[in-house]
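data-v8.tsv (TSV, C-alpha atoms) appears below.
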chain	number	residue	atom	x	y	z
A	27	MET	CA	0.00	0.00	0.00
A	28	VAL	CA	2.83	2.38	0.87
A	29	VAL	CA	4.53	1.59	-2.44
A	30	VAL	CA	1.32	2.29	-4.37
A	31	THR	CA	0.81	5.60	-2.56
A	32	ALA	CA	4.41	6.65	-3.18
A	33	ALA	CA	4.14	5.72	-6.85
A	34	THR	CA	0.91	7.69	-7.20
A	35	LEU	CA	2.47	10.76	-5.62
A	36	LEU	CA	5.48	10.47	-7.94
A	37	VAL	CA	3.23	10.30	-10.99
A	38	ALA	CA	1.28	13.34	-9.74
A	39	ALA	CA	4.52	15.24	-9.17
A	40	ALA	CA	5.74	14.32	-12.66
A	41	ALA	CA	2.46	15.52	-14.17
A	42	SER	CA	2.83	18.79	-12.24
A	43	LEU	CA	6.39	19.27	-13.51
A	44	PHE	CA	5.20	18.63	-17.06
A	45	MET	CA	2.53	21.27	-16.55
A	46	ALA	CA	5.09	23.69	-15.10
A	47	TRP	CA	7.39	23.09	-18.07
A	48	SER	CA	4.52	23.71	-20.50
A	49	ILE	CA	3.63	26.95	-18.72
A	50	GLY	CA	7.23	28.11	-18.68
A	51	ALA	CA	7.55	27.35	-22.37
A	52	GLY	CA	4.24	28.80	-23.48
A	53	SER	CA	2.97	31.43	-21.04
A	54	SER	CA	5.09	32.74	-18.18
A	55	GLY	CA	8.30	32.18	-20.15
A	56	SER	CA	7.26	33.71	-23.43
A	57	THR	CA	4.95	36.63	-22.73
A	58	PRO	CA	6.84	38.99	-20.35
A	59	PHE	CA	9.74	39.88	-22.65
A	60	ALA	CA	7.95	39.49	-25.99
A	61	PRO	CA	7.37	43.28	-26.34
A	62	ALA	CA	11.03	43.95	-25.46
A	63	VAL	CA	12.16	41.44	-28.08
A	64	GLY	CA	9.78	43.02	-30.59
A	65	ALA	CA	11.40	46.39	-29.86
A	66	ASN	CA	14.90	44.89	-30.33
A	67	ALA	CA	15.82	45.72	-26.72
A	68	ILE	CA	16.92	42.15	-25.94
A	69	SER	CA	17.61	38.96	-27.87
A	70	VAL	CA	15.21	36.01	-27.87
A	71	MET	CA	17.61	33.62	-26.12
A	72	ARG	CA	18.66	36.11	-23.45
A	73	ALA	CA	15.01	36.93	-22.76
A	74	GLY	CA	14.28	33.24	-22.21
A	75	LEU	CA	17.16	32.91	-19.75
A	76	ILE	CA	16.26	35.99	-17.71
A	77	VAL	CA	12.54	35.33	-17.57
A	78	GLY	CA	13.18	31.83	-16.25
A	79	VAL	CA	15.14	33.09	-13.24
A	80	LEU	CA	12.66	35.88	-12.47
A	81	GLY	CA	9.74	33.47	-12.84
A	82	LEU	CA	11.33	31.13	-10.31
A	83	LEU	CA	11.68	33.99	-7.81
A	84	GLY	CA	8.09	35.10	-8.40
A	85	ALA	CA	6.84	31.56	-7.86
A	86	ILE	CA	8.55	31.30	-4.49
A	87	LEU	CA	7.75	34.79	-3.23
A	88	GLN	CA	4.21	35.28	-4.59
A	89	GLY	CA	2.81	31.94	-5.66
A	90	ALA	CA	0.83	30.94	-2.57
A	91	ASN	CA	-2.45	32.78	-3.27
A	92	VAL	CA	-3.20	31.38	-6.73
A	93	THR	CA	-1.85	27.94	-5.77
A	94	GLU	CA	-4.30	27.60	-2.91
A	95	ALA	CA	-7.17	28.91	-5.04
A	96	VAL	CA	-6.57	26.37	-7.81
A	97	GLY	CA	-6.10	23.54	-5.33
A	98	THR	CA	-9.02	24.15	-3.00
A	99	GLU	CA	-11.46	26.81	-4.30
A	100	LEU	CA	-12.57	25.69	-7.77
A	101	ILE	CA	-14.73	22.78	-6.58
A	102	GLY	CA	-16.82	22.46	-3.45
A	103	GLY	CA	-17.80	19.43	-1.42
A	104	VAL	CA	-14.87	17.20	-2.39
A	105	THR	CA	-11.08	17.16	-2.20
A	106	LEU	CA	-9.10	16.39	-5.32
A	107	THR	CA	-7.60	12.92	-5.27
A	108	ALA	CA	-4.21	12.00	-6.70
A	109	ALA	CA	-5.87	10.42	-9.75
A	110	ALA	CA	-7.99	13.52	-10.33
A	111	ALA	CA	-4.94	15.79	-10.03
A	112	ILE	CA	-3.00	13.65	-12.50
A	113	VAL	CA	-5.81	13.67	-15.07
A	114	ALA	CA	-6.31	17.44	-14.74
A	115	LEU	CA	-2.61	18.27	-15.03
A	116	VAL	CA	-1.86	15.94	-17.93
A	117	THR	CA	-4.93	17.12	-19.84
A	118	ALA	CA	-4.07	20.79	-19.40
A	119	ALA	CA	-0.36	20.32	-20.05
A	120	ALA	CA	-0.99	18.40	-23.26
A	121	LEU	CA	-3.18	21.19	-24.62
A	122	VAL	CA	-0.64	23.86	-23.69
A	123	ALA	CA	2.21	21.84	-25.21
A	124	ILE	CA	0.25	21.51	-28.46
A	125	GLY	CA	-0.07	25.28	-28.52
A	126	VAL	CA	3.66	25.74	-27.92
A	127	PHE	CA	4.66	23.50	-30.81
A	128	ALA	CA	1.94	24.88	-33.10
A	129	GLY	CA	3.03	28.45	-32.39
A	130	TYR	CA	-0.28	29.58	-30.84
A	131	PRO	CA	-0.37	30.79	-27.22
A	132	ILE	CA	-2.96	28.62	-25.48
A	133	ALA	CA	-4.43	30.36	-22.43
A	134	THR	CA	-2.94	28.30	-19.60
A	135	ALA	CA	-5.38	29.50	-16.97
A	136	PHE	CA	-8.27	28.47	-19.20
A	137	THR	CA	-6.93	24.94	-19.67
A	138	VAL	CA	-6.05	24.33	-16.03
A	139	THR	CA	-9.27	25.84	-14.68
A	140	GLY	CA	-11.35	23.88	-17.19
A	141	ALA	CA	-9.52	20.62	-16.46
A	142	VAL	CA	-9.72	20.99	-12.66
A	143	VAL	CA	-13.41	21.87	-12.76
A	144	GLY	CA	-14.06	18.98	-15.17
A	145	VAL	CA	-12.38	16.34	-13.00
A	146	GLY	CA	-13.87	17.90	-9.87
A	147	LEU	CA	-17.41	17.57	-11.18
A	148	ALA	CA	-16.67	14.02	-12.35
A	149	LEU	CA	-15.46	13.35	-8.81
A	150	GLY	CA	-18.88	14.40	-7.52
A	151	GLY	CA	-18.02	17.93	-6.43
A	152	ASP	CA	-20.21	21.03	-6.51
A	153	PRO	CA	-19.59	24.06	-8.74
A	154	ALA	CA	-17.97	26.99	-6.88
A	155	TRP	CA	-20.13	29.66	-8.50
A	156	PRO	CA	-18.83	32.69	-6.51
A	157	LYS	CA	-15.23	31.85	-7.49
A	158	TYR	CA	-16.26	31.28	-11.09
A	159	ALA	CA	-17.87	34.73	-11.10
A	160	GLU	CA	-14.60	36.32	-9.92
A	161	ILE	CA	-12.60	34.44	-12.52
A	162	ALA	CA	-14.99	35.16	-15.38
A	163	THR	CA	-15.10	38.85	-14.49
A	164	LEU	CA	-11.31	39.18	-14.68
A	165	TRP	CA	-11.08	37.11	-17.86
A	166	VAL	CA	-13.72	39.19	-19.62
A	167	LEU	CA	-12.37	42.54	-18.45
A	168	THR	CA	-8.71	41.78	-19.18
A	169	PRO	CA	-8.78	42.37	-22.97
A	170	PHE	CA	-10.75	45.59	-22.60
A	171	VAL	CA	-8.84	47.01	-19.63
A	172	GLY	CA	-5.40	45.82	-20.69
A	173	GLY	CA	-5.84	46.65	-24.35
A	174	GLY	CA	-7.59	49.94	-23.58
A	175	VAL	CA	-4.96	51.18	-21.13
A	176	ALA	CA	-2.16	50.09	-23.46
A	177	TYR	CA	-3.81	51.96	-26.31
A	178	GLY	CA	-4.28	55.12	-24.24
A	179	VAL	CA	-0.73	55.12	-22.86
A	180	ALA	CA	0.75	54.46	-26.30
A	181	ARG	CA	-1.26	57.29	-27.83
A	182	MET	CA	0.10	59.66	-25.21
A	183	LEU	CA	3.69	58.49	-25.67
A	184	ILE	CA	3.73	58.63	-29.46
A	185	GLY	CA	1.61	61.79	-29.69
A	186	GLU	CA	2.84	65.37	-29.54
A	187	SER	CA	0.33	66.85	-27.11
A	188	LEU	CA	2.34	65.87	-24.00
A	189	PRO	CA	6.13	66.08	-23.50
A	190	GLU	CA	7.58	62.58	-23.64
A	191	ARG	CA	10.23	62.86	-20.93
A	192	PRO	CA	8.01	63.87	-17.96
A	193	LEU	CA	5.22	61.56	-19.18
A	194	THR	CA	7.51	58.53	-19.28
A	195	ALA	CA	8.92	59.41	-15.86
A	196	ALA	CA	5.40	59.76	-14.44
A	197	LEU	CA	4.43	56.35	-15.82
A	198	ALA	CA	7.51	54.88	-14.14
A	199	GLY	CA	6.33	56.50	-10.90
A	200	VAL	CA	2.94	54.78	-11.24
A	201	VAL	CA	4.73	51.46	-11.65
A	202	GLY	CA	6.81	52.26	-8.55
A	203	ALA	CA	3.66	52.94	-6.53
A	204	ILE	CA	2.15	49.61	-7.61
A	205	LEU	CA	5.37	47.76	-6.80
A	206	ALA	CA	5.49	49.37	-3.35
A	207	ASN	CA	2.18	47.70	-2.50
A	208	VAL	CA	2.91	44.25	-3.91
A	209	GLY	CA	3.03	41.49	-1.30
A	210	PHE	CA	6.17	39.38	-0.85
A	211	ALA	CA	6.52	36.26	1.26
A	212	LEU	CA	9.92	37.29	2.62
A	213	LEU	CA	8.56	40.54	4.07
A	214	GLY	CA	5.63	39.07	5.98
A	215	PRO	CA	5.30	36.70	8.95
A	216	ALA	CA	5.23	32.95	8.38
A	217	GLY	CA	2.51	32.00	5.92
A	218	GLU	CA	1.71	35.62	5.03
A	219	GLN	CA	2.92	38.33	2.68
A	220	ALA	CA	3.72	41.98	3.25
A	221	SER	CA	4.50	44.91	0.96
A	222	VAL	CA	7.46	47.28	0.96
A	223	ALA	CA	5.11	50.17	1.78
A	224	SER	CA	3.62	48.37	4.80
A	225	VAL	CA	7.05	47.40	6.15
A	226	LEU	CA	8.41	50.93	5.75
A	227	GLY	CA	5.23	52.34	7.27
A	228	ALA	CA	5.66	50.12	10.33
A	229	ASP	CA	9.35	51.02	10.65
A	230	LEU	CA	8.50	54.73	10.48
A	231	GLY	CA	5.73	54.32	13.05
A	232	ILE	CA	2.95	55.58	10.79
A	233	GLY	CA	1.10	52.26	10.39
A	234	GLY	CA	-1.51	51.49	7.77
A	235	ALA	CA	-2.77	55.06	7.57
A	236	GLY	CA	0.62	56.09	6.23
A	237	LEU	CA	0.64	53.64	3.31
A	238	PRO	CA	-0.50	56.26	0.73
A	239	ALA	CA	2.26	58.62	1.85
A	240	VAL	CA	4.92	55.90	1.64
A	241	SER	CA	3.64	54.83	-1.77
A	242	LEU	CA	3.72	58.41	-3.05
A	243	ALA	CA	7.25	58.87	-1.75
A	244	ILE	CA	8.44	55.73	-3.55
A	245	ALA	CA	6.63	56.83	-6.72
A	246	ALA	CA	8.31	60.24	-6.52
A	247	LEU	CA	11.77	58.68	-6.13
A	248	VAL	CA	11.23	56.45	-9.16
A	249	THR	CA	9.86	59.36	-11.19
A	250	VAL	CA	12.87	61.55	-10.43
A	251	ALA	CA	15.34	58.75	-11.17
A	252	VAL	CA	13.79	57.91	-14.54
A	253	TYR	CA	13.44	61.58	-15.45
A	254	ALA	CA	17.14	62.12	-14.81
A	255	ASP	CA	18.06	58.98	-16.75
A	256	LEU	CA	16.00	60.14	-19.74
A	257	GLY	CA	17.86	63.44	-19.67
A	258	ARG	CA	21.23	61.70	-19.94
A	259	ASP	CA	20.36	59.11	-22.59
A	260	ARG	CA	16.80	59.04	-23.92
A	261	GLU	CA	17.02	55.88	-26.02
A	262	GLY	CA	19.08	54.02	-23.43
A	263	ALA	CA	16.70	55.03	-20.64
A	264	GLN	CA	13.69	53.86	-22.65
A	265	ARG	CA	15.38	50.52	-23.21
A	266	ARG	CA	16.21	50.16	-19.51
A	267	PHE	CA	12.65	51.06	-18.52
A	268	LEU	CA	11.31	48.53	-21.02
A	269	LEU	CA	13.59	45.77	-19.70
A	270	ALA	CA	12.67	46.63	-16.11
A	271	MET	CA	8.98	46.31	-17.00
A	272	GLY	CA	9.66	42.98	-18.69
A	273	GLY	CA	11.38	41.80	-15.53
A	274	LEU	CA	8.47	42.86	-13.34
A	275	VAL	CA	5.99	41.10	-15.60
A	276	ALA	CA	8.18	37.97	-15.62
A	277	PHE	CA	8.27	37.99	-11.83
A	278	SER	CA	4.50	38.45	-11.70
A	279	ALA	CA	4.05	35.62	-14.19
A	280	GLY	CA	5.91	33.25	-11.89
A	281	GLY	CA	3.77	34.30	-8.93
A	282	SER	CA	0.56	33.69	-10.86
A	283	GLN	CA	1.33	30.79	-13.16
A	284	VAL	CA	3.04	28.44	-10.70
A	285	GLY	CA	-0.31	27.90	-9.00
A	286	LEU	CA	-1.71	26.51	-12.23
A	287	ALA	CA	0.96	23.78	-12.18
A	288	ILE	CA	1.04	22.83	-8.51
A	289	GLY	CA	-2.39	23.89	-7.25
A	290	PRO	CA	-3.99	20.46	-7.83
A	291	LEU	CA	-1.20	18.90	-5.73
A	292	VAL	CA	-1.95	20.93	-2.61
A	293	PRO	CA	-4.73	18.69	-1.20
A	294	ILE	CA	-2.85	15.41	-1.72
A	295	PHE	CA	0.64	16.53	-0.71
A	296	SER	CA	-0.51	18.43	2.36
A	297	ASP	CA	-1.89	15.13	3.68
A	298	VAL	CA	1.63	13.63	3.65
A	299	GLY	CA	3.26	16.64	5.30
A	300	VAL	CA	4.83	18.36	2.27
A	301	PRO	CA	4.86	22.13	2.98
A	302	LEU	CA	3.53	24.62	0.44
A	303	TRP	CA	6.92	26.31	0.03
A	304	ALA	CA	8.43	23.05	-1.19
A	305	LEU	CA	5.75	22.75	-3.85
A	306	LEU	CA	6.36	26.37	-4.87
A	307	VAL	CA	10.08	25.72	-5.30
A	308	GLY	CA	9.42	22.58	-7.34
A	309	GLY	CA	6.91	24.37	-9.54
A	310	GLY	CA	9.26	27.31	-9.97
A	311	VAL	CA	12.04	25.01	-11.14
A	312	GLY	CA	9.63	23.53	-13.69
A	313	LEU	CA	8.81	27.04	-14.96
A	314	LEU	CA	12.52	27.77	-15.19
A	315	ALA	CA	13.17	24.65	-17.25
A	316	GLY	CA	10.31	25.47	-19.60
A	317	SER	CA	11.49	29.05	-20.06
A	318	TRP	CA	15.01	27.96	-20.92
A	319	THR	CA	14.13	25.15	-23.28
A	320	GLY	CA	10.79	25.97	-24.90
A	321	ALA	CA	10.03	29.69	-24.54
A	322	PRO	CA	12.15	31.12	-27.41
A	323	ARG	CA	9.72	29.83	-30.04
A	324	MET	CA	6.73	31.50	-28.42
A	325	ILE	CA	8.68	34.70	-27.67
A	326	LYS	CA	9.39	35.02	-31.37
A	327	ALA	CA	5.75	34.36	-32.26
A	328	LEU	CA	4.42	36.96	-29.84
A	329	ALA	CA	7.08	39.54	-30.69
A	330	GLN	CA	6.67	39.35	-34.46
A	331	ASP	CA	3.26	37.94	-35.36
A	332	TYR	CA	0.83	40.16	-33.43
A	333	ALA	CA	2.13	43.70	-33.91
A	334	SER	CA	5.19	45.68	-34.90
A	335	MET	CA	6.32	47.16	-31.59
A	336	GLY	CA	8.72	49.98	-30.78
A	337	PRO	CA	10.03	50.80	-27.28
A	338	ARG	CA	7.25	53.24	-26.41
A	339	ARG	CA	4.41	50.95	-27.46
A	340	SER	CA	6.14	48.02	-25.76
A	341	ILE	CA	6.30	49.99	-22.50
A	342	SER	CA	2.63	50.82	-22.98
A	343	ALA	CA	1.80	47.12	-23.27
A	344	LEU	CA	3.78	46.02	-20.22
A	345	ILE	CA	2.45	48.60	-17.73
A	346	PRO	CA	-1.18	47.35	-17.73
A	347	SER	CA	0.08	43.77	-17.96
A	348	PHE	CA	2.00	44.21	-14.72
A	349	ALA	CA	-0.96	45.86	-12.97
A	350	ILE	CA	-3.47	43.19	-14.05
A	351	ALA	CA	-1.11	40.37	-13.12
A	352	GLN	CA	-0.54	41.72	-9.63
A	353	THR	CA	-4.28	42.23	-9.15
A	354	ALA	CA	-4.84	38.57	-10.02
A	355	VAL	CA	-2.08	37.46	-7.65
A	356	ALA	CA	-3.47	39.56	-4.81
A	357	PHE	CA	-6.98	38.11	-5.15
A	358	GLY	CA	-5.85	34.55	-5.89
A	359	ILE	CA	-7.45	34.42	-9.34
A	360	PRO	CA	-5.90	32.18	-12.02
A	361	VAL	CA	-5.28	34.38	-15.05
A	362	SER	CA	-3.82	33.77	-18.47
A	363	PHE	CA	-0.69	35.74	-19.19
A	364	ASN	CA	-1.19	35.08	-22.87
A	365	GLU	CA	-4.54	36.83	-22.69
A	366	ILE	CA	-3.06	39.73	-20.72
A	367	ILE	CA	-0.03	40.35	-22.87
A	368	VAL	CA	-1.60	39.67	-26.27
A	369	SER	CA	-4.46	42.07	-25.49
A	370	ALA	CA	-1.99	44.74	-24.38
A	371	ILE	CA	0.25	44.22	-27.41
A	372	VAL	CA	-2.69	44.57	-29.77
A	373	GLY	CA	-3.99	47.65	-27.94
A	374	ALA	CA	-0.59	49.33	-28.08
A	375	GLY	CA	-0.18	48.30	-31.70
A	376	TYR	CA	-3.46	49.91	-32.72
A	377	ALA	CA	-2.28	53.21	-31.22
A	378	ALA	CA	-0.35	53.74	-34.46
A	379	GLY	CA	-2.98	52.61	-36.95
A	380	ASP	CA	-3.03	48.84	-37.24
A	381	ALA	CA	0.77	48.72	-36.69
A	382	GLY	CA	1.03	45.31	-38.31
A	383	VAL	CA	-1.58	43.72	-36.05
A	384	SER	CA	-2.55	40.38	-37.60
A	385	ARG	CA	-6.34	40.07	-37.42
A	386	LYS	CA	-6.17	36.52	-38.72
A	387	LYS	CA	-3.68	35.55	-36.01
A	388	MET	CA	-5.83	37.20	-33.35
A	389	GLY	CA	-8.91	35.37	-34.57
A	390	TYR	CA	-7.19	32.01	-34.34
A	391	THR	CA	-5.84	32.92	-30.91
A	392	VAL	CA	-9.27	33.79	-29.48
A	393	LEU	CA	-10.67	30.54	-30.87
A	394	ALA	CA	-7.75	28.68	-29.26
A	395	TRP	CA	-8.52	30.33	-25.90
A	396	VAL	CA	-12.20	29.37	-25.99
A	397	GLY	CA	-11.45	25.92	-27.37
A	398	SER	CA	-8.85	25.25	-24.69
A	399	LEU	CA	-11.35	26.03	-21.90
A	400	VAL	CA	-14.13	23.90	-23.37
A	401	GLY	CA	-11.76	21.15	-24.46
A	402	ALA	CA	-9.97	20.94	-21.11
A	403	PHE	CA	-13.27	20.80	-19.21
A	404	THR	CA	-14.69	18.11	-21.49
A	405	LEU	CA	-11.53	16.00	-21.55
A	406	GLY	CA	-11.06	16.32	-17.79
A	407	PHE	CA	-14.61	15.18	-17.09
A	408	VAL	CA	-14.63	12.35	-19.64
A	409	VAL	CA	-11.14	11.00	-18.93
A	410	TYR	CA	-11.56	10.99	-15.16
A	411	SER	CA	-15.01	9.38	-15.45
A	412	ALA	CA	-13.46	6.63	-17.59
A	413	VAL	CA	-10.55	6.16	-15.17
A	414	ASP	CA	-12.95	6.01	-12.25
A	415	LEU	CA	-14.98	3.30	-13.96
A	416	VAL	CA	-11.89	1.21	-14.69
A	417	VAL	CA	-10.44	1.60	-11.21
What does the file become when written as structure tokens?
Amino acid sequence: MVVVTAATLLVAAAASLFMAWSIGAGSSGSTPFAPAVGANAISVMRAGLIVGVLGLLGAILQGANVTEAVGTELIGGVTLTAAAAIVALVTAAALVAIGVFAGYPIATAFTVTGAVVGVGLALGGDPAWPKYAEIATLWVLTPFVGGGVAYGVARMLIGESLPERPLTAALAGVVGAILANVGFALLGPAGEQASVASVLGADLGIGGAGLPAVSLAIAALVTVAVYADLGRDREGAQRRFLLAMGGLVAFSAGGSQVGLAIGPLVPIFSDVGVPLWALLVGGGVGLLAGSWTGAPRMIKALAQDYASMGPRRSISALIPSFAIAQTAVAFGIPVSFNEIIVSAIVGAGYAAGDAGVSRKKMGYTVLAWVGSLVGAFTLGFVVYSAVDLVV
């Protein structure tokens, strides 16, 4: 019996690593630096290497919220078994891997959510309608908010009505304010996260009421620094800002996407005493491997096939992507980075006419997103029902 249990856990872990690799190759590994590659700010291979390391750090420091949501909040009334977790992960990973090799970015959150819900219902669980409402709201709003903000920011940056230097510096300050309020595991007590602003507020003795002041101070420092950098070397400063945004999005991708790979393992591994941080590290390593070995293909596809991007439009795409990703992490909502970044890239691309946006490619991509959700749900339900009958 012990041997059977150990073997089952090993198979579940292998399925999770496969899922993590697929995510690293096709979502968290490819999307963050795609705009920077499209703007010729960094090479494809170097982007894959850097995003892998940052994704690993994000998984460890921010991955707990989404991981717990995927593992315990998508189905009510039952706990996922090892067999159910294996079926869900293999189903989702196979669909994502097909997208990687076909050159189309499958929405990872759609596949994992659909597969987990499918096997959960086949297991006899109840739909978690309130959580589904949260998820659906974010998924529906993401293209409009991300694409709309990217379009608006790009129009301001490429237009002549506002001076570019102070506008770019102000946008950097907004990013600084968001970053100041992002939760990190290392800053909080055991099992919790805390932000830079909250820690500084506590150290200064101003508590929670002083968070806006601390955030504004950090935003002002970032604004001044970027403004000065733009004055010394405009093109170099734009490139550095773009790469910094790519790094922040890569970090956020790790914090969000790792939960899609290891979330189904939480119920079964917690029963045998495996701590959550160990699962986060394992999932992060899987993301890293996927980013290093499989992401370059998708980076190229995203950078070249959806829109012709310059530095300013690339910055415009990454700012809302970072904000949406951190919102999803904070609320523990599984979100597709492909949906986030593709919507933002298209929105920024349209700021200069159609800017090479491929409508045909976008049409196929949307169909792939919808098909992956429906397909993962159907396969998860059918395959687990068949396995349950055999076993």
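One finds atom CA of A:Ser411 at 24.8 Å from atom CA of A:Pro360.
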Could you pull the residues within 12 Å of A:Pro169, counting only C-alpha atoms, minus those fewer than 3 positions along the same chain, as an MDAnalysis selection string?
-> chainID A and resid 163:166 172:177 343 346:347 350 361:374 388 392
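For the atom pair formed by atom CA of A:Gly299 and atom CA of A:Ile359, the distance is 25.4 Å, given to one decimal.
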Long-range neighbours of A:Val79 as an MDAnalysis selection string, 8 Å cut-off, all atoms listed in the file, 4 positions minimum in chain = chainID A and resid 75 83 314
Exercise: A:Phe295 partners within 10 Å, all atoms listed in the file, chain neighbours under 3 positions left out, as a ChimeraX atom specification = /A:35,38-39,108,290-292,298-302,305
Neighbours of stretch 90-101 of chain A within 10 Å (all atoms listed in the file; same-chain residues fewer than 3 positions away dropped), as a PyMOL selection string?
-> chain A and resi 85-87+104-106+111+135+138-140+142-147+149-158+161+211+217-219+281-294+302-303+305-306+354-361
Return the single residue from A:Leu256, A:Phe277, A:Ala377, A:Glu261 that is closest to A:Phe210, with distances computed using all atoms listed in the file.
->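 Of the candidates, the smallest distance to A:Phe210 is held by A:Phe277.
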Top pick for closest residue to A:Ala114, considering A:Ala223, A:Ala162, A:Ala402, A:Ala228 and counting all atoms listed in the file |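 Result for the nearest residue to A:Ala114: A:Ala402.
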Two-atom distance - atom CA of A:Met182, atom CA of A:Ser278 (Å) =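 Separation of atom CA of A:Met182 and atom CA of A:Ser278: 25.5 Å.
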Please determine an axis-aligned box that encloses all atoms of stretch 303-313 of chain A listed in the file, with 6 Å added on each side, and express its centre and edge lengths in Å to one decimal as JSON.
{"center_x": 8.9, "center_y": 24.9, "center_z": -7.5, "size_x": 18.3, "size_y": 16.7, "size_z": 27.0}
Could you pull the residues within 12 Å of A:Ala239, counting all atoms listed in the file, minus those fewer than 2 positions along the same chain, as a ChimeraX atom specification?
-> /A:203,206-207,223-224,226-227,230,232-237,241-246
